[in-house]
file final27.pdb (PDB, N, CA and C atoms)
ATOM      1  N   MET Y   1     -13.394 -14.768 -11.927
ATOM      2  CA  MET Y   1     -12.369 -13.753 -11.839
ATOM      3  C   MET Y   1     -11.685 -13.869 -10.481
ATOM      4  N   GLU Y   2     -10.402 -13.630 -10.449
ATOM      5  CA  GLU Y   2      -9.626 -13.754  -9.223
ATOM      6  C   GLU Y   2      -8.952 -12.433  -8.877
ATOM      7  N   VAL Y   3      -8.731 -12.246  -7.593
ATOM      8  CA  VAL Y   3      -8.008 -11.078  -7.094
ATOM      9  C   VAL Y   3      -7.148 -11.543  -5.921
ATOM     10  N   GLN Y   4      -6.006 -10.878  -5.723
ATOM     11  CA  GLN Y   4      -5.104 -11.330  -4.670
ATOM     12  C   GLN Y   4      -4.561 -10.170  -3.850
ATOM     13  N   ALA Y   5      -4.031 -10.508  -2.679
ATOM     14  CA  ALA Y   5      -3.318  -9.559  -1.829
ATOM     15  C   ALA Y   5      -2.146 -10.296  -1.208
ATOM     16  N   ILE Y   6      -1.014  -9.613  -1.098
ATOM     17  CA  ILE Y   6       0.196 -10.212  -0.544
ATOM     18  C   ILE Y   6       0.740  -9.284   0.543
ATOM     19  N   THR Y   7       1.026  -9.852   1.699
ATOM     20  CA  THR Y   7       1.715  -9.136   2.765
ATOM     21  C   THR Y   7       3.097  -9.740   2.884
ATOM     22  N   ARG Y   8       4.106  -8.915   2.744
ATOM     23  CA  ARG Y   8       5.482  -9.419   2.729
ATOM     24  C   ARG Y   8       6.199  -9.123   4.041
ATOM     25  N   ASN Y   9       7.142 -10.002   4.363
ATOM     26  CA  ASN Y   9       8.054  -9.836   5.498
ATOM     27  C   ASN Y   9       7.349  -9.648   6.837
ATOM     28  N   VAL Y  10       6.409 -10.528   7.134
ATOM     29  CA  VAL Y  10       5.770 -10.540   8.444
ATOM     30  C   VAL Y  10       6.725 -11.251   9.397
ATOM     31  N   HIS Y  11       7.030 -10.640  10.524
ATOM     32  CA  HIS Y  11       8.025 -11.187  11.449
ATOM     33  C   HIS Y  11       7.425 -12.292  12.310
ATOM     34  N   MET Y  12       7.183 -13.423  11.662
ATOM     35  CA  MET Y  12       6.680 -14.614  12.333
ATOM     36  C   MET Y  12       7.042 -15.804  11.462
ATOM     37  N   SER Y  13       7.283 -16.933  12.094
ATOM     38  CA  SER Y  13       7.706 -18.092  11.310
ATOM     39  C   SER Y  13       6.560 -18.579  10.420
ATOM     40  N   PRO Y  14       6.891 -19.093   9.232
ATOM     41  CA  PRO Y  14       5.849 -19.589   8.333
ATOM     42  C   PRO Y  14       5.059 -20.744   8.934
ATOM     43  N   GLN Y  15       5.700 -21.522   9.785
ATOM     44  CA  GLN Y  15       5.024 -22.665  10.401
ATOM     45  C   GLN Y  15       3.863 -22.190  11.288
ATOM     46  N   LYS Y  16       4.085 -21.146  12.069
ATOM     47  CA  LYS Y  16       3.025 -20.601  12.921
ATOM     48  C   LYS Y  16       1.922 -19.965  12.089
ATOM     49  N   MET Y  17       2.305 -19.344  10.988
ATOM     50  CA  MET Y  17       1.342 -18.674  10.128
ATOM     51  C   MET Y  17       0.468 -19.690   9.390
ATOM     52  N   ARG Y  18       1.063 -20.800   8.957
ATOM     53  CA  ARG Y  18       0.309 -21.814   8.201
ATOM     54  C   ARG Y  18      -0.822 -22.425   9.006
ATOM     55  N   GLU Y  19      -0.655 -22.536  10.328
ATOM     56  CA  GLU Y  19      -1.712 -23.097  11.173
ATOM     57  C   GLU Y  19      -2.999 -22.278  11.060
ATOM     58  N   VAL Y  20      -2.867 -20.964  10.962
ATOM     59  CA  VAL Y  20      -4.038 -20.085  10.856
ATOM     60  C   VAL Y  20      -4.544 -20.028   9.421
ATOM     61  N   VAL Y  21      -3.616 -19.981   8.462
ATOM     62  CA  VAL Y  21      -3.987 -19.835   7.053
ATOM     63  C   VAL Y  21      -4.805 -21.038   6.568
ATOM     64  N   ARG Y  22      -4.471 -22.223   7.054
ATOM     65  CA  ARG Y  22      -5.198 -23.428   6.640
ATOM     66  C   ARG Y  22      -6.658 -23.418   7.092
ATOM     67  N   GLN Y  23      -6.955 -22.683   8.165
ATOM     68  CA  GLN Y  23      -8.320 -22.658   8.692
ATOM     69  C   GLN Y  23      -9.298 -21.917   7.786
ATOM     70  N   ILE Y  24      -8.802 -20.981   6.979
ATOM     71  CA  ILE Y  24      -9.721 -20.157   6.178
ATOM     72  C   ILE Y  24      -9.810 -20.597   4.728
ATOM     73  N   GLN Y  25      -8.998 -21.560   4.324
ATOM     74  CA  GLN Y  25      -8.976 -21.966   2.919
ATOM     75  C   GLN Y  25     -10.328 -22.568   2.516
ATOM     76  N   GLY Y  26     -10.895 -22.060   1.426
ATOM     77  CA  GLY Y  26     -12.160 -22.565   0.918
ATOM     78  C   GLY Y  26     -13.395 -21.927   1.513
ATOM     79  N   LEU Y  27     -13.252 -21.094   2.534
ATOM     80  CA  LEU Y  27     -14.402 -20.454   3.163
ATOM     81  C   LEU Y  27     -14.840 -19.220   2.374
ATOM     82  N   PRO Y  28     -16.110 -18.827   2.494
ATOM     83  CA  PRO Y  28     -16.518 -17.518   1.981
ATOM     84  C   PRO Y  28     -15.763 -16.426   2.733
ATOM     85  N   ALA Y  29     -15.506 -15.313   2.073
ATOM     86  CA  ALA Y  29     -14.648 -14.266   2.639
ATOM     87  C   ALA Y  29     -15.200 -13.697   3.944
ATOM     88  N   ARG Y  30     -16.498 -13.439   3.988
ATOM     89  CA  ARG Y  30     -17.102 -12.886   5.208
ATOM     90  C   ARG Y  30     -16.988 -13.876   6.367
ATOM     91  N   GLN Y  31     -17.203 -15.150   6.082
ATOM     92  CA  GLN Y  31     -17.109 -16.182   7.106
ATOM     93  C   GLN Y  31     -15.658 -16.347   7.580
ATOM     94  N   ALA Y  32     -14.708 -16.172   6.682
ATOM     95  CA  ALA Y  32     -13.295 -16.267   7.038
ATOM     96  C   ALA Y  32     -12.901 -15.131   7.980
ATOM     97  N   ILE Y  33     -13.417 -13.923   7.738
ATOM     98  CA  ILE Y  33     -13.150 -12.790   8.626
ATOM     99  C   ILE Y  33     -13.696 -13.072  10.018
ATOM    100  N   ALA Y  34     -14.905 -13.630  10.084
ATOM    101  CA  ALA Y  34     -15.508 -13.955  11.377
ATOM    102  C   ALA Y  34     -14.717 -15.043  12.096
ATOM    103  N   ALA Y  35     -14.213 -16.014  11.342
ATOM    104  CA  ALA Y  35     -13.432 -17.095  11.945
ATOM    105  C   ALA Y  35     -12.109 -16.564  12.497
ATOM    106  N   LEU Y  36     -11.479 -15.656  11.774
ATOM    107  CA  LEU Y  36     -10.198 -15.107  12.227
ATOM    108  C   LEU Y  36     -10.367 -14.192  13.443
ATOM    109  N   ALA Y  37     -11.544 -13.601  13.599
ATOM    110  CA  ALA Y  37     -11.780 -12.683  14.715
ATOM    111  C   ALA Y  37     -11.745 -13.401  16.063
ATOM    112  N   VAL Y  38     -12.039 -14.694  16.077
ATOM    113  CA  VAL Y  38     -12.077 -15.426  17.342
ATOM    114  C   VAL Y  38     -10.821 -16.255  17.591
ATOM    115  N   VAL Y  39      -9.870 -16.249  16.657
ATOM    116  CA  VAL Y  39      -8.630 -17.000  16.847
ATOM    117  C   VAL Y  39      -7.671 -16.155  17.693
ATOM    118  N   PRO Y  40      -7.240 -16.663  18.868
ATOM    119  CA  PRO Y  40      -6.410 -15.853  19.767
ATOM    120  C   PRO Y  40      -4.916 -15.946  19.454
ATOM    121  N   ARG Y  41      -4.531 -15.624  18.247
ATOM    122  CA  ARG Y  41      -3.125 -15.689  17.840
ATOM    123  C   ARG Y  41      -2.735 -14.398  17.135
ATOM    124  N   LYS Y  42      -1.469 -14.034  17.262
ATOM    125  CA  LYS Y  42      -0.963 -12.848  16.584
ATOM    126  C   LYS Y  42      -1.026 -13.029  15.072
ATOM    127  N   SER Y  43      -0.802 -14.263  14.617
ATOM    128  CA  SER Y  43      -0.813 -14.536  13.182
ATOM    129  C   SER Y  43      -2.203 -14.331  12.581
ATOM    130  N   ALA Y  44      -3.253 -14.522  13.363
ATOM    131  CA  ALA Y  44      -4.618 -14.336  12.858
ATOM    132  C   ALA Y  44      -4.859 -12.880  12.480
ATOM    133  N   ARG Y  45      -4.263 -11.944  13.220
ATOM    134  CA  ARG Y  45      -4.435 -10.524  12.900
ATOM    135  C   ARG Y  45      -3.764 -10.175  11.575
ATOM    136  N   ALA Y  46      -2.593 -10.753  11.327
ATOM    137  CA  ALA Y  46      -1.889 -10.481  10.069
ATOM    138  C   ALA Y  46      -2.637 -11.079   8.883
ATOM    139  N   VAL Y  47      -3.192 -12.284   9.056
ATOM    140  CA  VAL Y  47      -3.956 -12.926   7.985
ATOM    141  C   VAL Y  47      -5.249 -12.152   7.729
ATOM    142  N   ALA Y  48      -5.907 -11.690   8.791
ATOM    143  CA  ALA Y  48      -7.148 -10.916   8.633
ATOM    144  C   ALA Y  48      -6.886  -9.612   7.891
ATOM    145  N   LYS Y  49      -5.761  -8.970   8.182
ATOM    146  CA  LYS Y  49      -5.410  -7.728   7.502
ATOM    147  C   LYS Y  49      -5.191  -7.966   6.006
ATOM    148  N   THR Y  50      -4.529  -9.073   5.669
ATOM    149  CA  THR Y  50      -4.304  -9.420   4.266
ATOM    150  C   THR Y  50      -5.622  -9.754   3.572
ATOM    151  N   LEU Y  51      -6.499 -10.475   4.265
ATOM    152  CA  LEU Y  51      -7.797 -10.844   3.700
ATOM    153  C   LEU Y  51      -8.659  -9.604   3.446
ATOM    154  N   LEU Y  52      -8.655  -8.664   4.380
ATOM    155  CA  LEU Y  52      -9.407  -7.425   4.176
ATOM    156  C   LEU Y  52      -8.855  -6.629   2.996
ATOM    157  N   SER Y  53      -7.538  -6.664   2.825
ATOM    158  CA  SER Y  53      -6.920  -5.982   1.689
ATOM    159  C   SER Y  53      -7.335  -6.626   0.372
ATOM    160  N   ALA Y  54      -7.385  -7.951   0.339
ATOM    161  CA  ALA Y  54      -7.827  -8.657  -0.868
ATOM    162  C   ALA Y  54      -9.281  -8.341  -1.187
ATOM    163  N   MET Y  55     -10.109  -8.259  -0.153
ATOM    164  CA  MET Y  55     -11.522  -7.922  -0.364
ATOM    165  C   MET Y  55     -11.660  -6.494  -0.896
ATOM    166  N   ALA Y  56     -10.855  -5.566  -0.380
ATOM    167  CA  ALA Y  56     -10.892  -4.185  -0.860
ATOM    168  C   ALA Y  56     -10.406  -4.103  -2.304
ATOM    169  N   ASN Y  57      -9.380  -4.896  -2.648
ATOM    170  CA  ASN Y  57      -8.910  -4.940  -4.035
ATOM    171  C   ASN Y  57     -10.015  -5.411  -4.967
ATOM    172  N   ALA Y  58     -10.751  -6.432  -4.550
ATOM    173  CA  ALA Y  58     -11.830  -6.976  -5.375
ATOM    174  C   ALA Y  58     -12.947  -5.952  -5.559
ATOM    175  N   GLU Y  59     -13.271  -5.267  -4.486
ATOM    176  CA  GLU Y  59     -14.377  -4.322  -4.531
ATOM    177  C   GLU Y  59     -14.035  -3.064  -5.330
ATOM    178  N   ASN Y  60     -12.832  -2.528  -5.119
ATOM    179  CA  ASN Y  60     -12.475  -1.247  -5.731
ATOM    180  C   ASN Y  60     -11.890  -1.387  -7.136
ATOM    181  N   ASN Y  61     -11.105  -2.418  -7.372
ATOM    182  CA  ASN Y  61     -10.424  -2.542  -8.661
ATOM    183  C   ASN Y  61     -11.201  -3.367  -9.677
ATOM    184  N   LYS Y  62     -11.925  -4.386  -9.217
ATOM    185  CA  LYS Y  62     -12.620  -5.295 -10.140
ATOM    186  C   LYS Y  62     -14.140  -5.208 -10.038
ATOM    187  N   GLN Y  63     -14.658  -4.327  -9.175
ATOM    188  CA  GLN Y  63     -16.101  -4.137  -8.973
ATOM    189  C   GLN Y  63     -16.814  -5.460  -8.671
ATOM    190  N   MET Y  64     -16.222  -6.264  -7.799
ATOM    191  CA  MET Y  64     -16.823  -7.535  -7.393
ATOM    192  C   MET Y  64     -17.576  -7.336  -6.082
ATOM    193  N   LYS Y  65     -18.626  -8.106  -5.874
ATOM    194  CA  LYS Y  65     -19.421  -8.022  -4.656
ATOM    195  C   LYS Y  65     -18.729  -8.804  -3.536
ATOM    196  N   PRO Y  66     -18.597  -8.218  -2.331
ATOM    197  CA  PRO Y  66     -17.928  -8.917  -1.231
ATOM    198  C   PRO Y  66     -18.665 -10.178  -0.775
ATOM    199  N   GLU Y  67     -19.985 -10.226  -0.983
ATOM    200  CA  GLU Y  67     -20.772 -11.395  -0.565
ATOM    201  C   GLU Y  67     -20.460 -12.621  -1.432
ATOM    202  N   ALA Y  68     -20.015 -12.386  -2.662
ATOM    203  CA  ALA Y  68     -19.781 -13.492  -3.590
ATOM    204  C   ALA Y  68     -18.358 -14.039  -3.515
ATOM    205  N   LEU Y  69     -17.499 -13.413  -2.725
ATOM    206  CA  LEU Y  69     -16.089 -13.803  -2.708
ATOM    207  C   LEU Y  69     -15.845 -15.029  -1.844
ATOM    208  N   ARG Y  70     -14.920 -15.863  -2.294
ATOM    209  CA  ARG Y  70     -14.532 -17.079  -1.583
ATOM    210  C   ARG Y  70     -13.013 -17.167  -1.578
ATOM    211  N   VAL Y  71     -12.436 -17.648  -0.491
ATOM    212  CA  VAL Y  71     -10.980 -17.797  -0.388
ATOM    213  C   VAL Y  71     -10.582 -19.021  -1.218
ATOM    214  N   LYS Y  72      -9.988 -18.758  -2.360
ATOM    215  CA  LYS Y  72      -9.577 -19.849  -3.244
ATOM    216  C   LYS Y  72      -8.259 -20.448  -2.773
ATOM    217  N   GLU Y  73      -7.325 -19.574  -2.392
ATOM    218  CA  GLU Y  73      -6.008 -20.041  -1.971
ATOM    219  C   GLU Y  73      -5.468 -19.103  -0.896
ATOM    220  N   ALA Y  74      -4.903 -19.672   0.151
ATOM    221  CA  ALA Y  74      -4.256 -18.899   1.211
ATOM    222  C   ALA Y  74      -2.954 -19.608   1.554
ATOM    223  N   VAL Y  75      -1.833 -18.901   1.367
ATOM    224  CA  VAL Y  75      -0.518 -19.519   1.494
ATOM    225  C   VAL Y  75       0.372 -18.655   2.376
ATOM    226  N   ALA Y  76       1.173 -19.307   3.201
ATOM    227  CA  ALA Y  76       2.220 -18.617   3.969
ATOM    228  C   ALA Y  76       3.554 -19.187   3.520
ATOM    229  N   GLY Y  77       4.341 -18.372   2.832
ATOM    230  CA  GLY Y  77       5.618 -18.822   2.303
ATOM    231  C   GLY Y  77       6.785 -18.248   3.092
ATOM    232  N   ARG Y  78       7.948 -18.829   2.865
ATOM    233  CA  ARG Y  78       9.149 -18.424   3.576
ATOM    234  C   ARG Y  78       9.703 -17.109   3.036
ATOM    235  N   ALA Y  79      10.197 -16.274   3.924
ATOM    236  CA  ALA Y  79      10.852 -15.022   3.540
ATOM    237  C   ALA Y  79      12.279 -15.049   4.080
ATOM    238  N   ALA Y  80      12.907 -13.898   4.133
ATOM    239  CA  ALA Y  80      14.291 -13.814   4.598
ATOM    240  C   ALA Y  80      14.402 -14.229   6.068
ATOM    241  N   ILE Y  81      15.546 -14.782   6.426
ATOM    242  CA  ILE Y  81      15.812 -15.193   7.801
ATOM    243  C   ILE Y  81      16.949 -14.337   8.348
ATOM    244  N   GLN Y  82      16.708 -13.694   9.483
ATOM    245  CA  GLN Y  82      17.761 -12.925  10.144
ATOM    246  C   GLN Y  82      18.571 -13.878  11.009
ATOM    247  N   LYS Y  83      19.871 -13.839  10.851
ATOM    248  CA  LYS Y  83      20.733 -14.739  11.613
ATOM    249  C   LYS Y  83      21.431 -13.952  12.723
ATOM    250  N   ARG Y  84      21.231 -14.411  13.941
ATOM    251  CA  ARG Y  84      21.830 -13.796  15.116
ATOM    252  C   ARG Y  84      22.551 -14.883  15.911
ATOM    253  N   PHE Y  85      23.362 -14.467  16.887
ATOM    254  CA  PHE Y  85      24.088 -15.425  17.712
ATOM    255  C   PHE Y  85      23.935 -15.070  19.170
ATOM    256  N   THR Y  86      23.930 -16.097  20.014
ATOM    257  CA  THR Y  86      23.861 -15.920  21.458
ATOM    258  C   THR Y  86      25.063 -16.603  22.097
ATOM    259  N   PRO Y  87      25.591 -16.028  23.161
ATOM    260  CA  PRO Y  87      26.749 -16.646  23.801
ATOM    261  C   PRO Y  87      26.411 -17.991  24.437
ATOM    262  N   LYS Y  88      27.324 -18.913  24.323
ATOM    263  CA  LYS Y  88      27.172 -20.239  24.924
ATOM    264  C   LYS Y  88      28.378 -20.520  25.818
ATOM    265  N   ALA Y  89      28.426 -21.714  26.353
ATOM    266  CA  ALA Y  89      29.491 -22.090  27.279
ATOM    267  C   ALA Y  89      30.854 -22.121  26.579
ATOM    268  N   ARG Y  90      31.901 -21.840  27.346
ATOM    269  CA  ARG Y  90      33.292 -21.901  26.907
ATOM    270  C   ARG Y  90      33.588 -20.972  25.728
ATOM    271  N   GLY Y  91      32.934 -19.845  25.677
ATOM    272  CA  GLY Y  91      33.239 -18.855  24.659
ATOM    273  C   GLY Y  91      32.713 -19.146  23.270
ATOM    274  N   SER Y  92      31.857 -20.148  23.141
ATOM    275  CA  SER Y  92      31.308 -20.442  21.820
ATOM    276  C   SER Y  92      30.021 -19.647  21.605
ATOM    277  N   ALA Y  93      29.469 -19.739  20.402
ATOM    278  CA  ALA Y  93      28.244 -19.008  20.064
ATOM    279  C   ALA Y  93      27.212 -19.970  19.485
ATOM    280  N   GLY Y  94      25.964 -19.752  19.844
ATOM    281  CA  GLY Y  94      24.878 -20.569  19.310
ATOM    282  C   GLY Y  94      24.004 -19.739  18.399
ATOM    283  N   PRO Y  95      23.544 -20.317  17.285
ATOM    284  CA  PRO Y  95      22.754 -19.533  16.323
ATOM    285  C   PRO Y  95      21.312 -19.310  16.778
ATOM    286  N   ILE Y  96      20.776 -18.155  16.383
ATOM    287  CA  ILE Y  96      19.356 -17.846  16.542
ATOM    288  C   ILE Y  96      18.854 -17.471  15.152
ATOM    289  N   LEU Y  97      17.807 -18.131  14.683
ATOM    290  CA  LEU Y  97      17.225 -17.835  13.374
ATOM    291  C   LEU Y  97      15.894 -17.119  13.584
ATOM    292  N   LYS Y  98      15.836 -15.853  13.190
ATOM    293  CA  LYS Y  98      14.605 -15.078  13.294
ATOM    294  C   LYS Y  98      13.904 -15.145  11.947
ATOM    295  N   ARG Y  99      12.892 -15.979  11.886
ATOM    296  CA  ARG Y  99      12.227 -16.260  10.613
ATOM    297  C   ARG Y  99      11.117 -15.243  10.331
ATOM    298  N   SER Y 100      10.829 -15.057   9.057
ATOM    299  CA  SER Y 100       9.722 -14.211   8.628
ATOM    300  C   SER Y 100       9.044 -14.886   7.438
ATOM    301  N   CYS Y 101       7.860 -14.392   7.074
ATOM    302  CA  CYS Y 101       7.103 -15.059   6.017
ATOM    303  C   CYS Y 101       6.328 -14.050   5.171
ATOM    304  N   HIS Y 102       5.855 -14.542   4.021
ATOM    305  CA  HIS Y 102       4.968 -13.792   3.130
ATOM    306  C   HIS Y 102       3.596 -14.459   3.186
ATOM    307  N   ILE Y 103       2.534 -13.655   3.251
ATOM    308  CA  ILE Y 103       1.163 -14.178   3.227
ATOM    309  C   ILE Y 103       0.540 -13.808   1.886
ATOM    310  N   LYS Y 104      -0.013 -14.798   1.200
ATOM    311  CA  LYS Y 104      -0.659 -14.557  -0.096
ATOM    312  C   LYS Y 104      -2.070 -15.147  -0.045
ATOM    313  N   ILE Y 105      -3.060 -14.305  -0.317
ATOM    314  CA  ILE Y 105      -4.459 -14.748  -0.318
ATOM    315  C   ILE Y 105      -5.066 -14.430  -1.680
ATOM    316  N   ILE Y 106      -5.670 -15.443  -2.295
ATOM    317  CA  ILE Y 106      -6.355 -15.276  -3.581
ATOM    318  C   ILE Y 106      -7.837 -15.507  -3.367
ATOM    319  N   LEU Y 107      -8.637 -14.534  -3.779
ATOM    320  CA  LEU Y 107     -10.098 -14.621  -3.686
ATOM    321  C   LEU Y 107     -10.684 -14.831  -5.065
ATOM    322  N   SER Y 108     -11.769 -15.583  -5.112
ATOM    323  CA  SER Y 108     -12.443 -15.849  -6.372
ATOM    324  C   SER Y 108     -13.946 -15.641  -6.166
ATOM    325  N   ASP Y 109     -14.645 -15.289  -7.245
ATOM    326  CA  ASP Y 109     -16.097 -15.101  -7.154
ATOM    327  C   ASP Y 109     -16.869 -16.297  -7.683
ATOM    328  N   GLU Y 110     -16.198 -17.409  -7.904
ATOM    329  CA  GLU Y 110     -16.859 -18.610  -8.444
ATOM    330  C   GLU Y 110     -17.347 -19.511  -7.346
TER     331      GLU Y 110
END

call {"tool": "encode", "arguments": {"input": "final27.pdb", "output": "structure tokens"}}
result
Amino acid sequence: MEVQAITRNVHMSPQKMREVVRQIQGLPARQAIAALAVVPRKSARAVAKTLLSAMANAENNKQMKPEALRVKEAVAGRAAIQKRFTPKARGSAGPILKRSCHIKIILSDE
């Protein structure tokens, strides 16, 4: 049986988020929480929050044991991009892309 949690529109680039998400793929859920606790990145806190939400979904909605859960899939996908401009030389403008991402974690008891 599988259960998932999705966090949408996290204000961080998907590239930065994927570095952390790849570290927990395939780990048991409890071990993944412990691994994220020692990662000194802002993205680790967002991934840990999503993982805890997935574990709570499994426990409360599907009556699954937290000890049996394993991270089957952890993905950071692209979300909307805010486009801004900054002044440049000779009156021109340079683009600034403020990227955001969606975090999706799927837990399985197999």

call {"tool": "closest_atom_pairs", "arguments": {"input": "final27.pdb", "of": "region 43-99 of chain Y", "to": "region 34-39 of chain Y", "cutoff": "8 Å", "atoms": "only N, CA and C atoms", "output": "tab-separated table"}}
result
residue	atom	partner	partner_atom	distance
Y:Ser43	C	Y:Val39	C	7.7
Y:Ala44	CA	Y:Leu36	CA	5.7
Y:Arg45	N	Y:Leu36	C	6.5
Y:Val47	C	Y:Leu36	CA	7.3
Y:Ala48	CA	Y:Leu36	CA	6.3

call {"tool": "closest_residue", "arguments": {"input": "final27.pdb", "among": "Y:Asn57, Y:Leu107, Y:Gln82, Y:Asn9", "to": "Pro95 (chain Y)", "atoms": "only C-alpha atoms"}}
result
Y:Gln82

call {"tool": "residues_around", "arguments": {"input": "final27.pdb", "residues": "Arg22 (chain Y)", "least_positions_apart": "4", "cutoff": "7 Å", "atoms": "only N, CA and C atoms", "output": "PyMOL selection string"}}
result
chain Y and resi 17-18+74

call {"tool": "atom_distance", "arguments": {"input": "final27.pdb", "atom1": "CA of Lys65 (chain Y)", "atom2": "atom C of Gln31 (chain Y)"}}
result
15.3 Å

call {"tool": "closest_residue", "arguments": {"input": "final27.pdb", "among": "Y:Ala80, Y:Leu27, Y:Ile106, Y:Met12", "to": "Thr50 (chain Y)", "atoms": "only C-alpha atoms"}}
result
Y:Ile106

call {"tool": "closest_residue", "arguments": {"input": "final27.pdb", "among": "Y:Ala29, Y:Lys83, Y:Ala76, Y:Val20", "to": "Met55 (chain Y)", "atoms": "all atoms listed in the file"}}
result
Y:Ala29

call {"tool": "closest_residue", "arguments": {"input": "final27.pdb", "among": "Y:Pro40, Y:Gly94, Y:Ile33, Y:Ala68", "to": "Leu52 (chain Y)", "atoms": "all atoms listed in the file"}}
result
Y:Ile33

call {"tool": "resolve_selection", "arguments": {"input": "final27.pdb", "expression": "the PyMOL selection byres (((chain Y and resi 77 and name CA) around 8) and name CA)", "output": "PyMOL selection string"}}
result
chain Y and resi 14+75-76+78-79+101-104

call {"tool": "residues_near_point", "arguments": {"input": "final27.pdb", "point": "(-6.5, -19.2, 2.2)", "cutoff": "6 Å", "atoms": "all atoms listed in the file", "output": "list in words"}}
result
Val21, Ile24, Gln25, Gly26, Val71, Lys72, Glu73, Ala74, Val75, Ile105 and Ile106 of chain Y

call {"tool": "residues_around", "arguments": {"input": "final27.pdb", "residues": "Asp109 (chain Y)", "least_positions_apart": "3", "cutoff": "7 Å", "atoms": "only N, CA and C atoms", "output": "MDAnalysis selection string"}}
result
chainID Y and resid 1:3 68:70

call {"tool": "closest_residue", "arguments": {"input": "final27.pdb", "among": "Y:Ser13, Y:Ser100, Y:Gln63, Y:Gln4", "to": "Ile81 (chain Y)", "atoms": "all atoms listed in the file"}}
result
Y:Ser100

call {"tool": "atom_distance", "arguments": {"input": "final27.pdb", "atom1": "atom C of His11 (chain Y)", "atom2": "CA of Leu97 (chain Y)"}}
result
11.3 Å

call {"tool": "atom_distance", "arguments": {"input": "final27.pdb", "atom1": "CA of Ser53 (chain Y)", "atom2": "atom C of Ala5 (chain Y)"}}
result
7.1 Å

call {"tool": "closest_residue", "arguments": {"input": "final27.pdb", "among": "Y:Gly91, Y:Phe85, Y:Ala32, Y:Pro66", "to": "Leu51 (chain Y)", "atoms": "only C-alpha atoms"}}
result
Y:Ala32

call {"tool": "select_by_dssp", "arguments": {"input": "final27.pdb", "residues": "region 47-106 of chain Y", "states": "strand (DSSP E or B)", "output": "JSON, numbers by chain"}}
result
{"Y": [70, 71, 72, 73, 74, 75, 76, 77, 78, 82, 83, 84, 85, 86, 87, 93, 94, 95, 96, 97, 98, 101, 102, 103, 104, 105, 106]}

call {"tool": "select_by_dssp", "arguments": {"input": "final27.pdb", "residues": "chain Y", "states": "alpha helix (DSSP H)", "output": "PyMOL selection string"}}
result
chain Y and resi 14-24+29-37+42-61
